[in-house]
2 protein chains.
Amino acid sequence: MQTAPRQDAGLTPAIVFEHLQSYQRTAALQAAIELDVFGAVGQGHGDAASIARHANAPERGIRILCDYLVVSGLLEKEDGRYRHTPSSAAFLDPKSPACLASIARFLSNTDMRRPYEHLAEVVRKGRTILPGEGSVEPENPVWVEFAQSMAPMMAPMTGPLGRIVLDGHSGPMRVLDIAAGHGLFGIEIARQNPQARVTGLDWAPVLRVALENAKSAGVADRYDMLPGSAFEVDFGGPYDAVLLTNFLHHFDFASCVGLLKRVRAALQPGGRAATLEFVPNEDRVSPPMAAAFALTMLATTTAGEAYTFRELAEMYRQAGFGPATAYPVPSSPHTIVMAAA
Amino acid sequence: MQTAPRQDAGLTPAIVFEHLQSYQRTAALQAAIELDVFGAVGQGHGDAASIARHANAPERGIRILCDYLVVSGLLEKEDGRYRHTPSSAAFLDPKSPACLASIARFLSNTDMRRPYEHLAEVVRKGRTILPGEGSVEPENPVWVEFAQSMAPMMAPMTGPLGRIVLDGHSGPMRVLDIAAGHGLFGIEIARQNPQARVTGLDWAPVLRVALENAKSAGVADRYDMLPGSAFEVDFGGPYDAVLLTNFLHHFDFASCVGLLKRVRAALQPGGRAATLEFVPNEDRVSPPMAAAFALTMLATTTAGEAYTFRELAEMYRQAGFGPATAYPVPSSPHTIVMAAA
């Protein structure tokens with residue numbers, strides 16, 4: 001390229017331009033998943049023409065999409081051929097056991113995205129503009145979608161959570177899994193401890209997804225279902241452990257304390273409650289994914305929050321639990337916070 | 001925070017999660033502009049409560065929004081107080097002469113964003129799903145919006161473009177500004193050379209915006225208007241220079257050559273044609289903003305493209321011009337490509 005000398009760049013408005021167009025990154029990744037671009041690249045279709053044939057799309061569209069994915073860091077390109085990055089090979093190629101492509105379905109749910117089209121209004125209200133209680137409105141079908149599509153995102157965390165909650169406990173025990181969703185956390189406890197019996201609590205249509213997963217894992221004979229609201233149904237018990245995964249963040253502080261009091265009442269003395277949460281540091285702006293999650297709670301709930309460890313520990317304290325401990329989950333943005341009754 | 005030891009992180013799915021939620025970055029910046037968060041911070045309102053009073057919004061919403069902006073790199077936070085980054089002070093504070101906040105209006109235009117909601121379909125078609133010719137459909141009102149709101153983004157480039165095109169030429173001259181839009185490029189030539197007479201070509205409602213800008217710059221007496229399509233109206237002439245800013249990328253290669261032939265026919269021998277474009281390198285994946293721009297052309301036009309320098313030079317050659325030269329514009333993602341008739 002024949003080029004005149006370039007002056008020193010200095011401060012540029014690139015960050016503004018990029019943010020105003022960031023929605024294109026979401027659209028490009030969703031389109032690439034839908035067109036099986038990552039599957040094609042994984043099968044060795046490295047040039048735009050081959051990927052286009054695989055996707056049954058014209059080369060022009062595929063080439064522009066793939067170049068955009070390279071700019072975004074989701075593919076690599078060398079000598080005109082596309083190939084996986086380590087991340088896309090692990091998390092976007094459908095052949096990979098860690099493939100997360102299905103989470104695009106939940107994260108692109110039209111209802112859940114709608115508040116972001118009116119985010120200034122959301123901020124002015126200080127709460128979701130979705131009807132009723134927002135995402136936690138009773139029987140909201142979005143949680144069936146969550147249970148079906150988010151399992152691959154949660155699967156890597158089930159092992160660590162199971163080990164932390166069990167902590168070598170191998171005898172008979174009962175575990176309540178509140179907001180069980182896909183059920184994977186409770187199911188993993190049943191796998192790690194063949195004498196554990198697990199009760200999954202969620203809306204009935206969601207529990208059908210959990211039961212299917214329990215069957216696949218071979219633990220359905222030790223999996224009970226408790227359909228209904230975590231704030232209303234009788235928990236039964238007593239339990240040795242209660243799981244609250246991806247749940248407390250939907251509610252205000254006082255509601256969480258109230259729920260944790262009910263949890264404590266359903267636990268054996270010394271029994272454990274374990275939450276899995278996005279837990280930002282006290283500055284509320286780090287680490288990035290945990291801190292950014294607060295915006296999702298602003299947009300989709302009436303009073304939810306990405307709670308700090310100090311806040312979660314204080315909830316436990318006010319509900320009568322002992323001191324809480326935080327266990328960041330390796331290779332994930334989540335943290336387990338556990339306390340004993 | 002009381003924490004158990006953390007394992008080595010290794011490969012994480014963060015990049016997938018972040019892309020699927022990137023639309024939130026766009027929404028957060030748009031909301032912050034609408035709520036004048038950057039104005040408030042610039043006025044010294046550093047804590048969430050003060051910004052909330054300024055924005056007439058509850059503290060909860062403002063605090064979560066501002067924390068998200070910090071995570072996104074659009075604000076800084078220290079000891080609970082928000083403050084500008086160098087970029088937000090320069091480009092988002094309404095007090096700054098370089099403020100770009102108005103470009104959010106054009107870049108968030110609902111019609112222009114619609115194709116991204118169906119991007120897989122766009123890729124399968126290999127062209128926009130917008131009706132007719134997409135963004136360049138005759139008289140599309142989006143270009144009035146462009147002329148009104150994108151001027152601050154283009155303003156820093158007018159000086160360099162004017163100097164490159166004039167190259168010391170101070171005598172009487174005539175300049176045609178094709179797709180004039182806000183008119184700022186032609187107007188700057190008229191400012192730099194008091195003997196230059198400029199003709200702005202665009203749709204009539206767009207030229208009204210350009211004329212207002214020519215009046216403000218005190219050059220309206222040397223500013224003529226030529227309403228209509230660049231592919232159809234008689235250019236008149238002969239001209240000493242023709243500008244084609246942000247224009248060729250909307251059309252296929254052959255259409256660009258056809259247009260450049262018309263341009264050449266309207267130029268004096270030795271007269272100059274200058275395009276301002278996003279020009280990616282030959283790899284089409286760098287630099288990021290220029291390369292990413294191809295997706296916008298896929299989504300909003302029938303056959304547009306972010307053309308490489310080699311392609312633009314070849315268009316000039318096929319239209320009968322001499323060799324082309326590229327002039328990257330300092331501190332911007334744009335490049336001027338110029339050739340002589």
# chains A, B, ... in the order shown; residues from 1 in each chain; ligands from 1
$ select_by_dssp --residues "stretch 178-339 of chain A" --states "strand (DSSP E)" --output "PDB file with N, CA, C and O atoms, in the first residue's frame"
ATOM      1  N   ILE A 178     -32.334 -25.586  45.467  1.00  0.00           N
ATOM      2  CA  ILE A 178     -33.330 -24.530  45.222  1.00  0.00           C
ATOM      3  C   ILE A 178     -33.053 -23.857  43.881  1.00  0.00           C
ATOM      4  O   ILE A 178     -31.917 -23.500  43.584  1.00  0.00           O
ATOM      5  N   ALA A 196     -26.311 -39.970  48.650  1.00  0.00           N
ATOM      6  CA  ALA A 196     -27.023 -38.689  48.750  1.00  0.00           C
ATOM      7  C   ALA A 196     -28.363 -38.789  48.026  1.00  0.00           C
ATOM      8  O   ALA A 196     -28.474 -39.395  46.960  1.00  0.00           O
ATOM      9  N   ARG A 197     -29.375 -38.190  48.619  1.00  0.00           N
ATOM     10  CA  ARG A 197     -30.708 -38.105  48.005  1.00  0.00           C
ATOM     11  C   ARG A 197     -30.988 -36.623  47.791  1.00  0.00           C
ATOM     12  O   ARG A 197     -30.805 -35.805  48.685  1.00  0.00           O
ATOM     13  N   VAL A 198     -31.394 -36.271  46.579  1.00  0.00           N
ATOM     14  CA  VAL A 198     -31.494 -34.855  46.204  1.00  0.00           C
ATOM     15  C   VAL A 198     -32.946 -34.486  45.899  1.00  0.00           C
ATOM     16  O   VAL A 198     -33.658 -35.233  45.231  1.00  0.00           O
ATOM     17  N   THR A 199     -33.364 -33.330  46.407  1.00  0.00           N
ATOM     18  CA  THR A 199     -34.677 -32.779  46.072  1.00  0.00           C
ATOM     19  C   THR A 199     -34.480 -31.520  45.237  1.00  0.00           C
ATOM     20  O   THR A 199     -33.844 -30.567  45.695  1.00  0.00           O
ATOM     21  N   GLY A 200     -35.001 -31.522  44.025  1.00  0.00           N
ATOM     22  CA  GLY A 200     -34.916 -30.344  43.159  1.00  0.00           C
ATOM     23  C   GLY A 200     -36.167 -29.495  43.295  1.00  0.00           C
ATOM     24  O   GLY A 200     -37.279 -30.012  43.218  1.00  0.00           O
ATOM     25  N   LEU A 201     -35.973 -28.198  43.545  1.00  0.00           N
ATOM     26  CA  LEU A 201     -37.104 -27.276  43.668  1.00  0.00           C
ATOM     27  C   LEU A 201     -37.056 -26.288  42.507  1.00  0.00           C
ATOM     28  O   LEU A 201     -36.029 -25.643  42.274  1.00  0.00           O
ATOM     29  N   ASP A 202     -38.143 -26.173  41.769  1.00  0.00           N
ATOM     30  CA  ASP A 202     -38.240 -25.175  40.687  1.00  0.00           C
ATOM     31  C   ASP A 202     -39.677 -25.227  40.183  1.00  0.00           C
ATOM     32  O   ASP A 202     -40.507 -25.998  40.690  1.00  0.00           O
ATOM     33  N   TYR A 223     -33.600 -38.866  43.003  1.00  0.00           N
ATOM     34  CA  TYR A 223     -33.919 -37.475  42.676  1.00  0.00           C
ATOM     35  C   TYR A 223     -35.411 -37.223  42.878  1.00  0.00           C
ATOM     36  O   TYR A 223     -36.253 -37.811  42.195  1.00  0.00           O
ATOM     37  N   ASP A 224     -35.752 -36.361  43.837  1.00  0.00           N
ATOM     38  CA  ASP A 224     -37.153 -36.011  44.096  1.00  0.00           C
ATOM     39  C   ASP A 224     -37.433 -34.607  43.575  1.00  0.00           C
ATOM     40  O   ASP A 224     -36.534 -33.770  43.498  1.00  0.00           O
ATOM     41  N   MET A 225     -38.694 -34.340  43.262  1.00  0.00           N
ATOM     42  CA  MET A 225     -39.058 -33.040  42.705  1.00  0.00           C
ATOM     43  C   MET A 225     -40.022 -32.312  43.635  1.00  0.00           C
ATOM     44  O   MET A 225     -40.991 -32.896  44.130  1.00  0.00           O
ATOM     45  N   LEU A 226     -39.743 -31.050  43.869  1.00  0.00           N
ATOM     46  CA  LEU A 226     -40.578 -30.208  44.721  1.00  0.00           C
ATOM     47  C   LEU A 226     -40.963 -28.978  43.904  1.00  0.00           C
ATOM     48  O   LEU A 226     -40.246 -27.975  43.901  1.00  0.00           O
ATOM     49  N   PRO A 227     -42.078 -29.028  43.168  1.00  0.00           N
ATOM     50  CA  PRO A 227     -42.438 -27.905  42.296  1.00  0.00           C
ATOM     51  C   PRO A 227     -43.022 -26.737  43.077  1.00  0.00           C
ATOM     52  O   PRO A 227     -43.739 -26.931  44.068  1.00  0.00           O
ATOM     53  N   TYR A 239     -32.434 -31.195  55.938  1.00  0.00           N
ATOM     54  CA  TYR A 239     -31.408 -31.459  54.926  1.00  0.00           C
ATOM     55  C   TYR A 239     -30.016 -31.298  55.520  1.00  0.00           C
ATOM     56  O   TYR A 239     -29.815 -30.546  56.484  1.00  0.00           O
ATOM     57  N   ASP A 240     -29.059 -31.958  54.896  1.00  0.00           N
ATOM     58  CA  ASP A 240     -27.656 -31.781  55.272  1.00  0.00           C
ATOM     59  C   ASP A 240     -27.021 -30.630  54.503  1.00  0.00           C
ATOM     60  O   ASP A 240     -26.021 -30.063  54.942  1.00  0.00           O
ATOM     61  N   ALA A 241     -27.594 -30.356  53.331  1.00  0.00           N
ATOM     62  CA  ALA A 241     -27.056 -29.246  52.537  1.00  0.00           C
ATOM     63  C   ALA A 241     -28.167 -28.666  51.672  1.00  0.00           C
ATOM     64  O   ALA A 241     -29.068 -29.390  51.235  1.00  0.00           O
ATOM     65  N   VAL A 242     -28.105 -27.340  51.470  1.00  0.00           N
ATOM     66  CA  VAL A 242     -29.043 -26.665  50.570  1.00  0.00           C
ATOM     67  C   VAL A 242     -28.233 -25.862  49.559  1.00  0.00           C
ATOM     68  O   VAL A 242     -27.340 -25.100  49.942  1.00  0.00           O
ATOM     69  N   LEU A 243     -28.546 -26.048  48.271  1.00  0.00           N
ATOM     70  CA  LEU A 243     -27.870 -25.299  47.196  1.00  0.00           C
ATOM     71  C   LEU A 243     -28.781 -24.162  46.731  1.00  0.00           C
ATOM     72  O   LEU A 243     -29.990 -24.354  46.561  1.00  0.00           O
ATOM     73  N   LEU A 244     -28.186 -22.995  46.536  1.00  0.00           N
ATOM     74  CA  LEU A 244     -28.914 -21.860  45.955  1.00  0.00           C
ATOM     75  C   LEU A 244     -28.040 -21.309  44.829  1.00  0.00           C
ATOM     76  O   LEU A 244     -27.246 -20.395  45.044  1.00  0.00           O
ATOM     77  N   THR A 245     -28.164 -21.906  43.655  1.00  0.00           N
ATOM     78  CA  THR A 245     -27.259 -21.517  42.564  1.00  0.00           C
ATOM     79  C   THR A 245     -27.944 -20.524  41.635  1.00  0.00           C
ATOM     80  O   THR A 245     -29.081 -20.725  41.218  1.00  0.00           O
ATOM     81  N   LEU A 267     -32.447 -26.937  57.571  1.00  0.00           N
ATOM     82  CA  LEU A 267     -31.145 -27.616  57.660  1.00  0.00           C
ATOM     83  C   LEU A 267     -30.976 -28.305  59.011  1.00  0.00           C
ATOM     84  O   LEU A 267     -31.476 -27.835  60.041  1.00  0.00           O
ATOM     85  N   GLN A 268     -30.249 -29.428  58.981  1.00  0.00           N
ATOM     86  CA  GLN A 268     -29.760 -30.015  60.226  1.00  0.00           C
ATOM     87  C   GLN A 268     -28.835 -29.006  60.915  1.00  0.00           C
ATOM     88  O   GLN A 268     -28.198 -28.201  60.220  1.00  0.00           O
ATOM     89  N   PRO A 269     -28.696 -29.063  62.237  1.00  0.00           N
ATOM     90  CA  PRO A 269     -27.661 -28.232  62.886  1.00  0.00           C
ATOM     91  C   PRO A 269     -26.302 -28.555  62.250  1.00  0.00           C
ATOM     92  O   PRO A 269     -25.959 -29.727  62.085  1.00  0.00           O
ATOM     93  N   GLY A 270     -25.560 -27.507  61.882  1.00  0.00           N
ATOM     94  CA  GLY A 270     -24.264 -27.725  61.218  1.00  0.00           C
ATOM     95  C   GLY A 270     -24.382 -27.970  59.738  1.00  0.00           C
ATOM     96  O   GLY A 270     -23.367 -28.043  59.027  1.00  0.00           O
ATOM     97  N   GLY A 271     -25.619 -28.112  59.218  1.00  0.00           N
ATOM     98  CA  GLY A 271     -25.794 -28.307  57.767  1.00  0.00           C
ATOM     99  C   GLY A 271     -25.356 -27.071  56.998  1.00  0.00           C
ATOM    100  O   GLY A 271     -25.246 -25.974  57.549  1.00  0.00           O
ATOM    101  N   ARG A 272     -25.094 -27.251  55.695  1.00  0.00           N
ATOM    102  CA  ARG A 272     -24.468 -26.190  54.916  1.00  0.00           C
ATOM    103  C   ARG A 272     -25.419 -25.596  53.872  1.00  0.00           C
ATOM    104  O   ARG A 272     -26.140 -26.325  53.200  1.00  0.00           O
ATOM    105  N   ALA A 273     -25.336 -24.292  53.714  1.00  0.00           N
ATOM    106  CA  ALA A 273     -25.986 -23.636  52.578  1.00  0.00           C
ATOM    107  C   ALA A 273     -24.887 -23.119  51.668  1.00  0.00           C
ATOM    108  O   ALA A 273     -23.903 -22.547  52.130  1.00  0.00           O
ATOM    109  N   ALA A 274     -25.063 -23.338  50.366  1.00  0.00           N
ATOM    110  CA  ALA A 274     -24.042 -22.899  49.403  1.00  0.00           C
ATOM    111  C   ALA A 274     -24.722 -22.134  48.270  1.00  0.00           C
ATOM    112  O   ALA A 274     -25.638 -22.650  47.626  1.00  0.00           O
ATOM    113  N   THR A 275     -24.289 -20.892  48.068  1.00  0.00           N
ATOM    114  CA  THR A 275     -24.772 -20.122  46.923  1.00  0.00           C
ATOM    115  C   THR A 275     -23.689 -20.115  45.850  1.00  0.00           C
ATOM    116  O   THR A 275     -22.499 -20.138  46.158  1.00  0.00           O
ATOM    117  N   LEU A 276     -24.124 -20.101  44.602  1.00  0.00           N
ATOM    118  CA  LEU A 276     -23.204 -19.896  43.481  1.00  0.00           C
ATOM    119  C   LEU A 276     -23.635 -18.585  42.832  1.00  0.00           C
ATOM    120  O   LEU A 276     -24.792 -18.439  42.430  1.00  0.00           O
ATOM    121  N   GLU A 277     -22.716 -17.625  42.755  1.00  0.00           N
ATOM    122  CA  GLU A 277     -23.090 -16.272  42.342  1.00  0.00           C
ATOM    123  C   GLU A 277     -21.978 -15.619  41.532  1.00  0.00           C
ATOM    124  O   GLU A 277     -20.815 -16.005  41.629  1.00  0.00           O
ATOM    125  N   THR A 325     -17.722 -18.391  53.836  1.00  0.00           N
ATOM    126  CA  THR A 325     -16.445 -18.498  53.132  1.00  0.00           C
ATOM    127  C   THR A 325     -16.700 -18.455  51.628  1.00  0.00           C
ATOM    128  O   THR A 325     -17.678 -19.019  51.155  1.00  0.00           O
ATOM    129  N   ALA A 326     -15.800 -17.749  50.908  1.00  0.00           N
ATOM    130  CA  ALA A 326     -15.927 -17.654  49.451  1.00  0.00           C
ATOM    131  C   ALA A 326     -14.958 -18.615  48.777  1.00  0.00           C
ATOM    132  O   ALA A 326     -13.793 -18.694  49.155  1.00  0.00           O
ATOM    133  N   TYR A 327     -15.464 -19.337  47.776  1.00  0.00           N
ATOM    134  CA  TYR A 327     -14.640 -20.239  46.972  1.00  0.00           C
ATOM    135  C   TYR A 327     -14.799 -19.861  45.502  1.00  0.00           C
ATOM    136  O   TYR A 327     -15.777 -20.272  44.875  1.00  0.00           O
ATOM    137  N   PRO A 328     -13.873 -19.068  44.961  1.00  0.00           N
ATOM    138  CA  PRO A 328     -13.974 -18.778  43.517  1.00  0.00           C
ATOM    139  C   PRO A 328     -13.870 -20.081  42.731  1.00  0.00           C
ATOM    140  O   PRO A 328     -13.046 -20.937  43.043  1.00  0.00           O
ATOM    141  N   THR A 335     -18.469 -17.566  41.920  1.00  0.00           N
ATOM    142  CA  THR A 335     -17.918 -17.824  43.244  1.00  0.00           C
ATOM    143  C   THR A 335     -18.971 -18.562  44.068  1.00  0.00           C
ATOM    144  O   THR A 335     -20.160 -18.239  44.000  1.00  0.00           O
ATOM    145  N   ILE A 336     -18.512 -19.574  44.815  1.00  0.00           N
ATOM    146  CA  ILE A 336     -19.401 -20.261  45.755  1.00  0.00           C
ATOM    147  C   ILE A 336     -19.216 -19.606  47.122  1.00  0.00           C
ATOM    148  O   ILE A 336     -18.086 -19.378  47.558  1.00  0.00           O
ATOM    149  N   VAL A 337     -20.302 -19.257  47.768  1.00  0.00           N
ATOM    150  CA  VAL A 337     -20.236 -18.691  49.120  1.00  0.00           C
ATOM    151  C   VAL A 337     -21.034 -19.623  50.033  1.00  0.00           C
ATOM    152  O   VAL A 337     -22.213 -19.875  49.796  1.00  0.00           O
ATOM    153  N   MET A 338     -20.348 -20.143  51.050  1.00  0.00           N
ATOM    154  CA  MET A 338     -20.943 -21.207  51.864  1.00  0.00           C
ATOM    155  C   MET A 338     -20.913 -20.829  53.333  1.00  0.00           C
ATOM    156  O   MET A 338     -19.979 -20.186  53.812  1.00  0.00           O
ATOM    157  N   ALA A 339     -21.945 -21.244  54.059  1.00  0.00           N
ATOM    158  CA  ALA A 339     -21.990 -21.028  55.510  1.00  0.00           C
ATOM    159  C   ALA A 339     -22.726 -22.192  56.159  1.00  0.00           C
ATOM    160  O   ALA A 339     -23.497 -22.889  55.496  1.00  0.00           O
TER     161      ALA A 339
END
$ residues_around --residues "B:Ser229" --least-positions-apart "2" --cutoff "9 Å" --atoms "only C-alpha atoms" --output "MDAnalysis selection string"
chainID B and resid 138:139 179 201:203 227 231:233
$ residues_around --residues "B:Phe146" --least-positions-apart "6" --cutoff "8 Å" --atoms "only C-alpha atoms" --output "ChimeraX atom specification"
/B:106,181-182
$ closest_atom_pairs --of "stretch 56-153 of chain B" --to "stretch 246-253 of chain B" --cutoff "12 Å" --atoms "only C-alpha atoms" --output "JSON lines"
{"residue": "B:Arg127", "atom": "CA", "partner": "B:Asp252", "partner_atom": "CA", "distance": 11.3}
{"residue": "B:Thr128", "atom": "CA", "partner": "B:His250", "partner_atom": "CA", "distance": 11.3}
{"residue": "B:Glu133", "atom": "CA", "partner": "B:His250", "partner_atom": "CA", "distance": 9.6}
{"residue": "B:Gly134", "atom": "CA", "partner": "B:His250", "partner_atom": "CA", "distance": 9.4}
{"residue": "B:Ser135", "atom": "CA", "partner": "B:His250", "partner_atom": "CA", "distance": 8.2}
{"residue": "B:Val136", "atom": "CA", "partner": "B:His250", "partner_atom": "CA", "distance": 7.1}
{"residue": "B:Glu137", "atom": "CA", "partner": "B:His250", "partner_atom": "CA", "distance": 10.6}
{"residue": "B:Trp143", "atom": "CA", "partner": "B:Phe247", "partner_atom": "CA", "distance": 11.6}
{"residue": "B:Phe146", "atom": "CA", "partner": "B:Asn246", "partner_atom": "CA", "distance": 11.1}
{"residue": "B:Ala147", "atom": "CA", "partner": "B:Asn246", "partner_atom": "CA", "distance": 11.8}
{"residue": "B:Met150", "atom": "CA", "partner": "B:Asn246", "partner_atom": "CA", "distance": 11.5}
$ residues_around --residues "B:Val279" --least-positions-apart "6" --cutoff "9 Å" --atoms "only C-alpha atoms" --output "MDAnalysis selection string"
chainID B and resid 287 290:291 306:309 312 328 333:337
$ select_by_dssp --residues "stretch 130-320 of chain A" --states "alpha helix (DSSP H)" --output "ChimeraX atom specification"
/A:142-149,151-166,184-192,204-216,253-266,288-300,309-318
$ residues_around --residues "A:Gly46" --least-positions-apart "2" --cutoff "6 Å" --atoms "only C-alpha atoms" --output "NGL selection string"
:A and (41 or 44 or 81-82)
$ residues_around --residues "B:Leu211" --least-positions-apart "2" --cutoff "10 Å" --atoms "only C-alpha atoms" --output "ChimeraX atom specification"
/B:181-184,187,200,206-209,213-217,219-220,223-225
$ write_last_selection --atoms "C-alpha atoms" --output "compact mmCIF listing (two decimals), in the first residue's frame"
# COMPACT_ATOMS: atom_id res chain seq x y z
CA GLY B 181 -24.07 14.96 3.68
CA HIS B 182 -23.28 17.51 6.39
CA GLY B 183 -21.16 19.24 3.72
CA LEU B 184 -18.19 19.67 6.06
CA ILE B 187 -16.97 23.58 3.28
CA GLY B 200 -22.58 19.87 -2.87
CA VAL B 206 -29.73 16.41 3.08
CA LEU B 207 -28.34 19.44 1.23
CA ARG B 208 -30.42 21.70 3.45
CA VAL B 209 -28.28 20.49 6.38
CA ASN B 213 -23.34 24.36 7.86
CA ALA B 214 -22.01 26.44 4.92
CA LYS B 215 -23.80 29.48 6.35
CA SER B 216 -22.33 28.88 9.81
CA ALA B 217 -18.87 28.63 8.25
CA VAL B 219 -18.95 30.25 2.89
CA ALA B 220 -22.58 29.98 1.72
CA TYR B 223 -21.64 26.95 -1.95
CA ASP B 224 -23.89 25.60 -4.71
CA MET B 225 -26.34 22.74 -4.37
$ residues_around --residues "B:Gly320" --least-positions-apart "5" --cutoff "10 Å" --atoms "only C-alpha atoms" --output "PDB file with C-alpha atoms, in the first residue's frame"
ATOM      1  CA  VAL B 257     -15.847   2.175 -11.675  1.00  0.00           C
ATOM      2  CA  LEU B 260     -15.477   7.183 -11.240  1.00  0.00           C
ATOM      3  CA  LYS B 261     -15.652   7.350 -15.046  1.00  0.00           C
ATOM      4  CA  ARG B 264     -13.191  11.717 -14.435  1.00  0.00           C
ATOM      5  CA  ALA B 265     -15.263  13.137 -17.290  1.00  0.00           C
ATOM      6  CA  GLU B 314      -7.837  -0.640  -9.463  1.00  0.00           C
ATOM      7  CA  MET B 315     -11.208   1.169  -9.644  1.00  0.00           C
ATOM      8  CA  ALA B 339      -5.776   9.925  -7.894  1.00  0.00           C
ATOM      9  CA  ALA B 340      -5.437  12.435 -10.743  1.00  0.00           C
ATOM     10  CA  ALA B 341      -7.462  12.470 -13.950  1.00  0.00           C
TER      11      ALA B 341
END
$ closest_residue --among "A:Ala292, A:Ala151, A:Arg262, A:Asn281" --to "A:Phe321" --atoms "only C-alpha atoms"
A:Arg262
$ atom_distance --atom1 "atom CA of A:Leu74" --atom2 "atom CA of A:Ser88"
6.0 Å
$ closest_residue --among "B:Ala89, B:Leu75, B:Leu20, B:Cys99" --to "B:Gln43" --atoms "only C-alpha atoms"
B:Ala89
$ decode --residues "stretch 293-306 of chain A" --atoms "N, CA, C and O atoms" --output "mmCIF file, in the first residue's frame"
data_model
loop_
_atom_site.group_PDB
_atom_site.id
_atom_site.type_symbol
_atom_site.label_atom_id
_atom_site.label_comp_id
_atom_site.auth_asym_id
_atom_site.auth_seq_id
_atom_site.Cartn_x
_atom_site.Cartn_y
_atom_site.Cartn_z
ATOM 1 N N PHE A 293 -22.498 -8.055 35.650
ATOM 2 C CA PHE A 293 -23.755 -8.783 35.799
ATOM 3 C C PHE A 293 -24.825 -7.962 36.522
ATOM 4 O O PHE A 293 -26.025 -8.199 36.349
ATOM 5 N N ALA A 294 -24.407 -6.977 37.300
ATOM 6 C CA ALA A 294 -25.390 -6.137 37.997
ATOM 7 C C ALA A 294 -26.348 -5.480 37.009
ATOM 8 O O ALA A 294 -27.535 -5.281 37.299
ATOM 9 N N LEU A 295 -25.835 -5.128 35.821
ATOM 10 C CA LEU A 295 -26.699 -4.474 34.823
ATOM 11 C C LEU A 295 -27.818 -5.422 34.372
ATOM 12 O O LEU A 295 -28.956 -4.983 34.152
ATOM 13 N N THR A 296 -27.499 -6.699 34.241
ATOM 14 C CA THR A 296 -28.530 -7.674 33.874
ATOM 15 C C THR A 296 -29.623 -7.715 34.941
ATOM 16 O O THR A 296 -30.810 -7.826 34.631
ATOM 17 N N MET A 297 -29.219 -7.614 36.200
ATOM 18 C CA MET A 297 -30.219 -7.633 37.277
ATOM 19 C C MET A 297 -31.041 -6.339 37.289
ATOM 20 O O MET A 297 -32.249 -6.357 37.525
ATOM 21 N N LEU A 298 -30.394 -5.209 36.996
ATOM 22 C CA LEU A 298 -31.151 -3.954 36.895
ATOM 23 C C LEU A 298 -32.185 -4.060 35.775
ATOM 24 O O LEU A 298 -33.341 -3.648 35.931
ATOM 25 N N ALA A 299 -31.757 -4.632 34.644
ATOM 26 C CA ALA A 299 -32.602 -4.626 33.446
ATOM 27 C C ALA A 299 -33.741 -5.636 33.528
ATOM 28 O O ALA A 299 -34.782 -5.427 32.904
ATOM 29 N N THR A 300 -33.548 -6.730 34.274
ATOM 30 C CA THR A 300 -34.528 -7.821 34.171
ATOM 31 C C THR A 300 -35.232 -8.162 35.482
ATOM 32 O O THR A 300 -36.069 -9.062 35.492
ATOM 33 N N THR A 301 -34.881 -7.483 36.587
ATOM 34 C CA THR A 301 -35.566 -7.768 37.855
ATOM 35 C C THR A 301 -36.020 -6.455 38.494
ATOM 36 O O THR A 301 -35.651 -5.370 38.046
ATOM 37 N N THR A 302 -36.811 -6.577 39.554
ATOM 38 C CA THR A 302 -37.285 -5.359 40.226
ATOM 39 C C THR A 302 -36.262 -4.820 41.218
ATOM 40 O O THR A 302 -36.179 -3.613 41.424
ATOM 41 N N ALA A 303 -35.457 -5.698 41.831
ATOM 42 C CA ALA A 303 -34.549 -5.219 42.871
ATOM 43 C C ALA A 303 -33.345 -6.136 43.053
ATOM 44 O O ALA A 303 -32.734 -6.148 44.113
ATOM 45 N N GLY A 304 -32.987 -6.888 42.014
ATOM 46 C CA GLY A 304 -31.865 -7.808 42.125
ATOM 47 C C GLY A 304 -30.528 -7.091 42.096
ATOM 48 O O GLY A 304 -30.454 -5.884 41.902
ATOM 49 N N GLU A 305 -29.449 -7.873 42.271
ATOM 50 C CA GLU A 305 -28.139 -7.255 42.469
ATOM 51 C C GLU A 305 -27.053 -8.310 42.297
ATOM 52 O O GLU A 305 -27.275 -9.474 42.592
ATOM 53 N N ALA A 306 -25.886 -7.877 41.824
ATOM 54 C CA ALA A 306 -24.695 -8.720 41.921
ATOM 55 C C ALA A 306 -24.086 -8.411 43.288
ATOM 56 O O ALA A 306 -23.412 -7.401 43.467
#
